[in-house]
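To be precise, the following lines are structure-v3.cif, and they hold mmCIF, C-alpha atoms.
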data_start
loop_
_atom_site.label_atom_id
_atom_site.label_comp_id
_atom_site.auth_asym_id
_atom_site.auth_seq_id
_atom_site.Cartn_x
_atom_site.Cartn_y
_atom_site.Cartn_z
CA MET A 586 0.00 0.00 0.00
CA SER A 587 1.27 3.46 -0.87
CA GLY A 588 0.24 6.90 0.30
CA ALA A 589 -1.00 8.21 3.62
CA TRP A 590 -1.84 4.81 5.10
CA ALA A 591 1.40 3.11 4.07
CA ASP A 592 3.23 3.15 7.40
CA LYS A 593 0.26 2.12 9.59
CA PRO A 594 -2.41 0.49 7.41
CA VAL A 595 -4.00 -1.60 10.18
CA TYR A 596 -4.11 1.39 12.51
CA TRP A 597 -5.93 3.64 10.05
CA ALA A 598 -8.21 0.87 8.80
CA THR A 599 -9.27 0.20 12.40
CA LEU A 600 -10.12 3.84 13.05
CA GLY A 601 -11.79 4.21 9.66
CA TYR A 602 -13.96 1.14 10.07
CA ALA A 603 -14.91 2.16 13.63
CA ARG A 604 -16.32 5.33 12.11
CA TRP A 605 -18.31 3.36 9.52
CA TRP A 606 -19.47 0.90 12.19
CA LEU A 607 -20.87 3.63 14.42
CA MET A 608 -22.46 5.50 11.51
CA ILE A 609 -23.80 2.67 9.33
CA ASP A 610 -23.10 -1.00 10.01
CA GLY A 611 -23.80 -1.12 13.73
CA LEU A 612 -27.16 0.58 13.34
CA LEU A 613 -28.24 -1.53 10.37
CA LEU A 614 -27.19 -4.77 12.08
CA LYS A 615 -29.27 -3.84 15.12
CA LYS A 616 -32.28 -3.22 12.87
CA VAL A 617 -31.87 -6.55 11.11
CA ARG A 618 -31.46 -8.44 14.38
CA ARG A 619 -34.46 -6.70 15.93
CA ASP A 620 -36.90 -6.55 13.01
CA GLY A 621 -35.49 -8.91 10.42
CA LEU A 622 -34.55 -7.81 6.90
CA THR A 623 -37.35 -5.44 5.86
CA PRO A 624 -37.68 -3.62 2.51
CA LYS A 625 -36.77 -0.35 4.24
CA THR A 626 -33.61 -1.78 5.78
CA LEU A 627 -32.71 -3.54 2.53
CA ARG A 628 -32.93 -0.19 0.74
CA ALA A 629 -30.73 1.44 3.39
CA ILE A 630 -28.09 -1.29 2.91
CA LEU A 631 -28.17 -0.95 -0.87
CA ILE A 632 -27.88 2.85 -0.70
CA ASN A 633 -25.04 2.92 1.80
CA TYR A 634 -23.11 0.28 -0.13
CA ASP A 635 -23.52 1.94 -3.54
CA VAL A 636 -25.62 -0.86 -5.04
CA ASN A 637 -28.96 0.94 -4.86
CA ARG A 638 -29.91 0.04 -8.44
CA ALA A 639 -29.42 -3.66 -7.83
CA VAL A 640 -32.99 -4.25 -6.61
CA SER A 641 -36.14 -2.26 -7.40
CA ASP A 642 -38.76 -1.53 -4.75
CA ALA A 643 -41.19 -3.75 -6.65
CA ASN A 644 -38.85 -6.72 -6.26
CA ALA A 645 -37.75 -6.04 -2.67
CA LEU A 646 -39.95 -8.62 -0.92
CA ARG A 647 -39.13 -11.38 -3.40
CA PHE A 648 -35.45 -10.51 -3.15
CA ILE A 649 -35.64 -10.74 0.66
CA ASP A 650 -37.24 -14.19 0.34
CA HIS A 651 -34.29 -15.13 -1.87
CA VAL A 652 -31.87 -13.83 0.77
CA HIS A 653 -33.50 -16.00 3.42
CA ALA A 654 -33.29 -19.05 1.16
CA ALA A 655 -29.55 -18.46 0.76
CA ASN A 656 -29.19 -17.90 4.49
CA ALA A 657 -30.81 -21.28 5.19
CA THR A 658 -27.99 -23.05 3.32
CA TRP A 659 -25.10 -20.94 4.67
CA PRO A 660 -21.95 -23.11 4.97
CA ASP A 661 -19.18 -22.78 7.55
CA ASP A 662 -16.32 -22.11 5.14
CA LEU A 663 -15.41 -19.05 3.09
CA LEU A 664 -15.40 -20.83 -0.27
CA GLY A 665 -18.73 -22.53 0.38
CA ARG A 666 -20.24 -19.20 1.29
CA SER A 667 -18.94 -17.62 -1.88
CA GLN A 668 -20.60 -20.40 -3.88
CA VAL A 669 -23.91 -19.72 -2.13
CA CYS A 670 -23.60 -16.02 -3.03
CA ALA A 671 -22.75 -16.94 -6.62
CA GLY A 672 -25.90 -19.04 -6.85
CA PHE A 673 -27.85 -16.28 -5.16
CA ALA A 674 -26.69 -13.69 -7.70
CA ARG A 675 -27.32 -15.95 -10.69
CA ASP A 676 -30.77 -17.01 -9.52
CA ALA A 677 -31.80 -13.43 -8.70
CA LYS A 678 -30.95 -12.41 -12.26
CA ALA A 679 -32.71 -15.43 -13.75
CA LEU A 680 -35.84 -14.67 -11.72
CA GLY A 681 -35.83 -11.03 -12.81
CA LEU A 682 -35.14 -9.73 -9.29
CA THR A 683 -32.00 -7.92 -10.45
CA THR A 684 -31.00 -6.54 -13.83
CA LYS A 685 -27.70 -8.43 -13.78
CA GLU A 686 -25.84 -11.07 -11.77
CA HIS A 687 -25.11 -8.64 -8.95
CA ALA A 688 -22.42 -10.51 -7.01
CA SER A 689 -21.44 -7.47 -4.97
CA ALA A 690 -24.97 -6.84 -3.70
CA ALA A 691 -25.42 -10.51 -2.83
CA THR A 692 -22.34 -10.62 -0.61
CA LYS A 693 -23.13 -7.28 1.03
CA VAL A 694 -26.73 -8.10 1.93
CA MET A 695 -25.70 -11.54 3.21
CA TRP A 696 -23.18 -9.92 5.57
CA PHE A 697 -26.04 -8.34 7.51
CA LEU A 698 -27.55 -11.77 8.13
CA GLN A 699 -24.24 -13.60 8.58
CA PRO A 700 -21.50 -11.14 9.61
CA ASN A 701 -19.27 -13.61 11.46
CA GLY A 702 -16.44 -15.10 9.42
CA TRP A 703 -17.56 -13.22 6.32
CA THR A 704 -16.59 -10.09 4.42
CA LEU A 705 -17.84 -8.22 1.39
CA PHE A 706 -16.92 -8.53 -2.26
CA ASP A 707 -16.23 -5.15 -3.80
CA SER A 708 -14.34 -4.22 -6.94
CA TYR A 709 -11.86 -2.13 -4.95
CA ALA A 710 -11.26 -4.90 -2.42
CA ALA A 711 -10.75 -7.38 -5.25
CA THR A 712 -8.15 -5.08 -6.82
CA GLY A 713 -6.54 -4.71 -3.40
CA ALA A 714 -6.31 -8.50 -3.15
CA GLY A 715 -4.62 -8.65 -6.55
CA ILE A 716 -7.54 -10.07 -8.55
CA SER A 717 -7.34 -9.33 -12.26
CA LYS A 718 -9.80 -6.79 -13.65
CA ALA A 719 -10.12 -9.03 -16.70
CA LEU A 720 -12.47 -11.13 -14.57
CA THR A 721 -15.94 -9.69 -14.03
CA GLY A 722 -19.08 -10.30 -12.02
CA VAL A 723 -19.52 -13.65 -10.31
CA ASP A 724 -16.23 -14.99 -11.70
CA ARG A 725 -14.26 -12.15 -10.11
CA MET A 726 -16.16 -12.57 -6.86
CA LEU A 727 -15.30 -16.28 -6.68
CA ALA A 728 -11.64 -15.56 -7.48
CA PHE A 729 -11.60 -12.94 -4.71
CA TYR A 730 -12.78 -15.33 -2.00
CA GLU A 731 -10.48 -18.06 -3.28
CA ARG A 732 -7.56 -15.66 -2.90
CA LEU A 733 -8.65 -14.72 0.62
CA ASP A 734 -8.98 -18.37 1.56
CA GLU A 735 -5.56 -19.27 0.14
CA ARG A 736 -3.92 -16.44 2.06
CA GLY A 737 -5.48 -17.19 5.43
CA PHE A 738 -7.81 -14.21 5.59
CA CYS A 739 -10.15 -15.81 8.14
CA ASP A 740 -7.27 -16.94 10.35
CA VAL A 741 -5.84 -13.40 10.49
CA ALA A 742 -9.31 -11.97 11.14
CA GLU A 743 -9.93 -14.46 13.94
CA VAL A 744 -6.72 -13.52 15.73
CA MET A 745 -7.59 -9.83 15.37
CA GLN A 746 -11.15 -10.43 16.56
CA ARG A 747 -9.95 -11.70 19.93
CA GLU A 748 -8.16 -8.40 20.43
CA VAL A 749 -11.24 -6.45 19.29
CA GLU A 750 -13.45 -8.28 21.80
CA ARG A 751 -11.33 -6.91 24.65
CA SER A 752 -11.62 -3.35 23.37
CA VAL A 753 -13.86 -0.33 23.83
CA LEU A 754 -15.83 -1.42 20.73
CA PRO A 755 -16.04 -5.20 21.19
CA ASP A 756 -18.67 -5.83 18.51
CA ILE A 757 -16.94 -4.43 15.44
CA SER A 758 -15.76 -6.91 12.81
CA ALA A 759 -12.03 -7.53 12.41
CA ALA A 760 -12.73 -8.99 8.97
CA ARG A 761 -14.21 -5.66 7.96
CA ILE A 762 -11.10 -3.86 9.20
CA LEU A 763 -9.15 -6.02 6.75
CA ASP A 764 -11.79 -5.23 4.15
CA SER A 765 -11.15 -1.51 4.70
CA MET A 766 -7.45 -2.12 4.10
CA LEU A 767 -8.13 -4.01 0.90
CA MET A 768 -10.41 -1.28 -0.46
CA ALA A 769 -7.83 1.42 0.32
CA SER A 770 -5.14 -0.68 -1.35
CA GLY A 771 -7.42 -1.12 -4.36
CA GLY A 772 -7.82 2.64 -4.80
CA ARG A 773 -11.06 3.41 -2.93
CA GLY A 774 -11.13 7.10 -2.06
CA ASN A 775 -8.38 9.58 -1.36
CA GLU A 776 -6.17 8.24 1.42
CA SER A 777 -5.01 11.65 2.63
CA GLU A 778 -8.57 12.96 2.80
CA ALA A 779 -9.76 9.76 4.50
CA LEU A 780 -6.98 10.09 7.04
CA ARG A 781 -7.98 13.66 7.88
CA GLU A 782 -11.66 12.77 8.17
CA THR A 783 -10.85 9.77 10.33
CA GLN A 784 -8.74 11.91 12.65
CA ASP A 785 -11.58 14.45 12.86
CA PHE A 786 -13.95 11.61 13.80
CA VAL A 787 -11.64 10.44 16.60
CA ASP A 788 -11.30 14.02 17.85
CA LEU A 789 -15.10 14.22 18.25
CA LEU A 790 -15.25 11.16 20.50
CA ALA A 791 -15.24 11.33 24.29
CA THR A 792 -11.65 11.24 25.54
CA SER A 793 -11.99 7.80 27.11
CA THR A 794 -13.60 6.33 23.98
CA ALA A 795 -11.03 7.92 21.69
CA GLY A 796 -8.20 6.64 23.87
CA GLY A 797 -9.61 3.12 23.90
CA LEU A 798 -10.11 3.11 20.14
CA ILE A 799 -6.60 4.42 19.47
CA GLY A 800 -5.28 1.76 21.84
CA LEU A 801 -7.07 -0.94 19.86
CA ALA A 802 -5.77 0.43 16.55
CA GLU A 803 -2.21 0.53 17.85
CA SER A 804 -2.49 -2.98 19.31
CA LEU A 805 -3.83 -4.45 16.06
CA GLN A 806 -1.14 -2.67 14.05
CA GLN A 807 1.55 -4.16 16.28
CA GLN A 808 -0.09 -7.58 16.23
CA VAL A 809 -0.60 -7.82 12.46
CA GLY A 810 2.20 -5.62 11.13
CA THR A 811 2.44 -3.58 7.95
CA ASP A 812 2.85 -6.49 5.52
CA VAL A 813 -0.50 -8.23 6.00
CA LEU A 814 -1.69 -7.24 2.52
CA SER A 815 1.45 -8.62 0.87
CA LEU A 816 0.18 -12.12 1.57
CA LEU A 817 -2.97 -11.36 -0.37
CA HIS A 818 -0.97 -9.96 -3.29
CA THR A 819 1.37 -12.95 -3.62
CA LYS A 820 0.69 -14.91 -6.77
CA VAL A 821 -0.28 -18.51 -6.18
CA LYS A 822 2.22 -21.00 -7.58
CA GLN A 823 0.78 -23.41 -10.08
CA SER A 824 1.13 -27.06 -9.07
#
Structure rendered as structure tokens:
Amino acid sequence: MSGAWADKPVYWATLGYARWWLMIDGLLLKKVRRDGLTPKTLRAILINYDVNRAVSDANALRFIDHVHAANATWPDDLLGRSQVCAGFARDAKALGLTTKEHASAATKVMWFLQPNGWTLFDSYAATGAGISKALTGVDRMLAFYERLDERGFCDVAEVMQREVERSVLPDISAARILDSMLMASGGRGNESEALRETQDFVDLLATSTAGGLIGLAESLQQQVGTDVLSLLHTKVKQS
């Protein structure tokens, strides 16, 4: 990773995702857990994750039924889950629920039903993981999760999660901190601007909360190091 995050990518990704968690993900997860996935909450997820055109209001209820069907067959492993999302995206297109095989929307909506041990597919994150842009749609999504699986993404996230659970924000997702790093590495946003905005966010927090969050970010940075993304960039040797 180059630019403003280069020296402390885990640190800044932790602070940046904490901001997103408190603004977006934490609130939406609470809604889903309390009320289930409603058309209104589905629309909020799609808007906040830049896939608003994936599902029309007319198809929202049928799409939610499709989400629940996928959720009922949710496997324990990363690759199995990616296959479920691939089938989800293909079936949604075939049924006319989406205008295309929207792999990104499928993985993002599923995260709100199954956040543990899962992360989102996004074009920026895929680029950050070193997945060729020659691949598109479902094929690129499957290649992305295969790369994460090969490089021990879930193992790293699990180690980080234990540290998160002892922190001032014990419910945030370590996998999504890694996701933030991948998106930044893949060119999402302006790193210098994101750094300034993230620092402004921390400055607005109560002193004790800010101190605890900075402590978590520093601890994760020390624990994981600056080279965590290099594992995800390494080309897999052909057997």
*Could you tell me which residues the PyMOL selection byres ((chain A and resi 702-713) around 6) returns for this structure, as a list in words?*
Ser689, Thr692, Lys693, Pro700, Asn701, Ala714, Gly715, Ile716, Phe729, Leu767, Met768, Ser770, Gly771 and Arg773 of chain A
*Please, what distance in Å, to one decimal, runs between CA of Ser793 (chain A) and CA of Gln806 (chain A)?*
19.9 Å
*May I ask which of the residues A:Ile649, A:Leu680, A:Leu720, A:Leu698 is the closest one to Lys615 (chain A), counting all atoms listed in the file?*
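The answer is A:Leu698, which sits nearest to Lys615 (chain A).
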What are the centre and the three edge lengths of an axis-aligned box that wraps all atoms of region 780-786 of chain A in the file, given that 3 Å is added to every side, written as JSON and rounded to one decimal in Å?
{"center_x": -10.5, "center_y": 12.1, "center_z": 10.4, "size_x": 13.0, "size_y": 10.7, "size_z": 12.8}
Identify the residues within 12 Å of coordinate (-18.3, 11.4, 15.0) (same frame as the file), considering only C-alpha atoms, and give the answer as a PDB file with C-alpha atoms, in the coordinates of the input.
ATOM      1  CA  LEU A 600     -10.120   3.840  13.050  1.00  0.00           C
ATOM      2  CA  GLY A 601     -11.790   4.210   9.660  1.00  0.00           C
ATOM      3  CA  ALA A 603     -14.910   2.160  13.630  1.00  0.00           C
ATOM      4  CA  ARG A 604     -16.320   5.330  12.110  1.00  0.00           C
ATOM      5  CA  TRP A 605     -18.310   3.360   9.520  1.00  0.00           C
ATOM      6  CA  TRP A 606     -19.470   0.900  12.190  1.00  0.00           C
ATOM      7  CA  LEU A 607     -20.870   3.630  14.420  1.00  0.00           C
ATOM      8  CA  MET A 608     -22.460   5.500  11.510  1.00  0.00           C
ATOM      9  CA  ILE A 609     -23.800   2.670   9.330  1.00  0.00           C
ATOM     10  CA  GLU A 782     -11.660  12.770   8.170  1.00  0.00           C
ATOM     11  CA  THR A 783     -10.850   9.770  10.330  1.00  0.00           C
ATOM     12  CA  GLN A 784      -8.740  11.910  12.650  1.00  0.00           C
ATOM     13  CA  ASP A 785     -11.580  14.450  12.860  1.00  0.00           C
ATOM     14  CA  PHE A 786     -13.950  11.610  13.800  1.00  0.00           C
ATOM     15  CA  VAL A 787     -11.640  10.440  16.600  1.00  0.00           C
ATOM     16  CA  ASP A 788     -11.300  14.020  17.850  1.00  0.00           C
ATOM     17  CA  LEU A 789     -15.100  14.220  18.250  1.00  0.00           C
ATOM     18  CA  LEU A 790     -15.250  11.160  20.500  1.00  0.00           C
ATOM     19  CA  ALA A 791     -15.240  11.330  24.290  1.00  0.00           C
ATOM     20  CA  THR A 794     -13.600   6.330  23.980  1.00  0.00           C
ATOM     21  CA  ALA A 795     -11.030   7.920  21.690  1.00  0.00           C
TER      22      ALA A 795
END
*Apply the PyMOL selection byres ((chain A and resi 745-754) around 12) to the displayed file and report the matching residues as a ChimeraX atom specification.*
/A:595,599-600,602-604,606-607,611,701-702,738-744,755-763,791-810,813
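CA of Glu731 (chain A) is found 23.3 Å from CA of Ala654 (chain A).
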_Selection result of the PyMOL selection byres ((chain A and resi 663) around 8) on this file, as JSON, numbers by chain_ = {"A": [660, 661, 662, 664, 665, 666, 667, 702, 703, 730, 734, 739]}
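Selecting by distance to (-39.1, -3.0, 3.4) with a limit of 12 Å and using only C-alpha atoms, one obtains Lys616, Val617, Asp620, Gly621, Leu622, Thr623, Pro624, Lys625, Thr626, Leu627, Arg628, Ala629, Ile630, Leu631, Val640, Ser641, Asp642, Ala643, Asn644, Ala645, Leu646, Arg647, Phe648, Ile649 and Asp650 of chain A.
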*What does the distance between CA of Ser777 (chain A) and CA of Thr811 (chain A) come to in Å, to one decimal place?*
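Going from CA of Ser777 (chain A) over to CA of Thr811 (chain A), I get 17.8 Å.
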*Which residue gives the smallest distance to Phe673 (chain A) among A:His651, A:Leu612, A:Trp659, A:Arg618, with only C-alpha atoms counted?*
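When distances to Phe673 (chain A) are compared using only C-alpha atoms, the smallest one comes from A:His651.
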*Measuring atom to atom with all atoms listed in the file, identify which of A:Asn633, A:Ser765, A:Thr684, A:Gln699 is nearest to Ala655 (chain A).*
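When distances to Ala655 (chain A) are compared using all atoms listed in the file, the smallest one comes from A:Gln699.
For the residues A:Ala728, A:Ala691, A:Met766, A:Leu682, ranking by smallest atom-to-atom distance to Tyr596 (chain A) using all atoms listed in the file places A:Met766 first.
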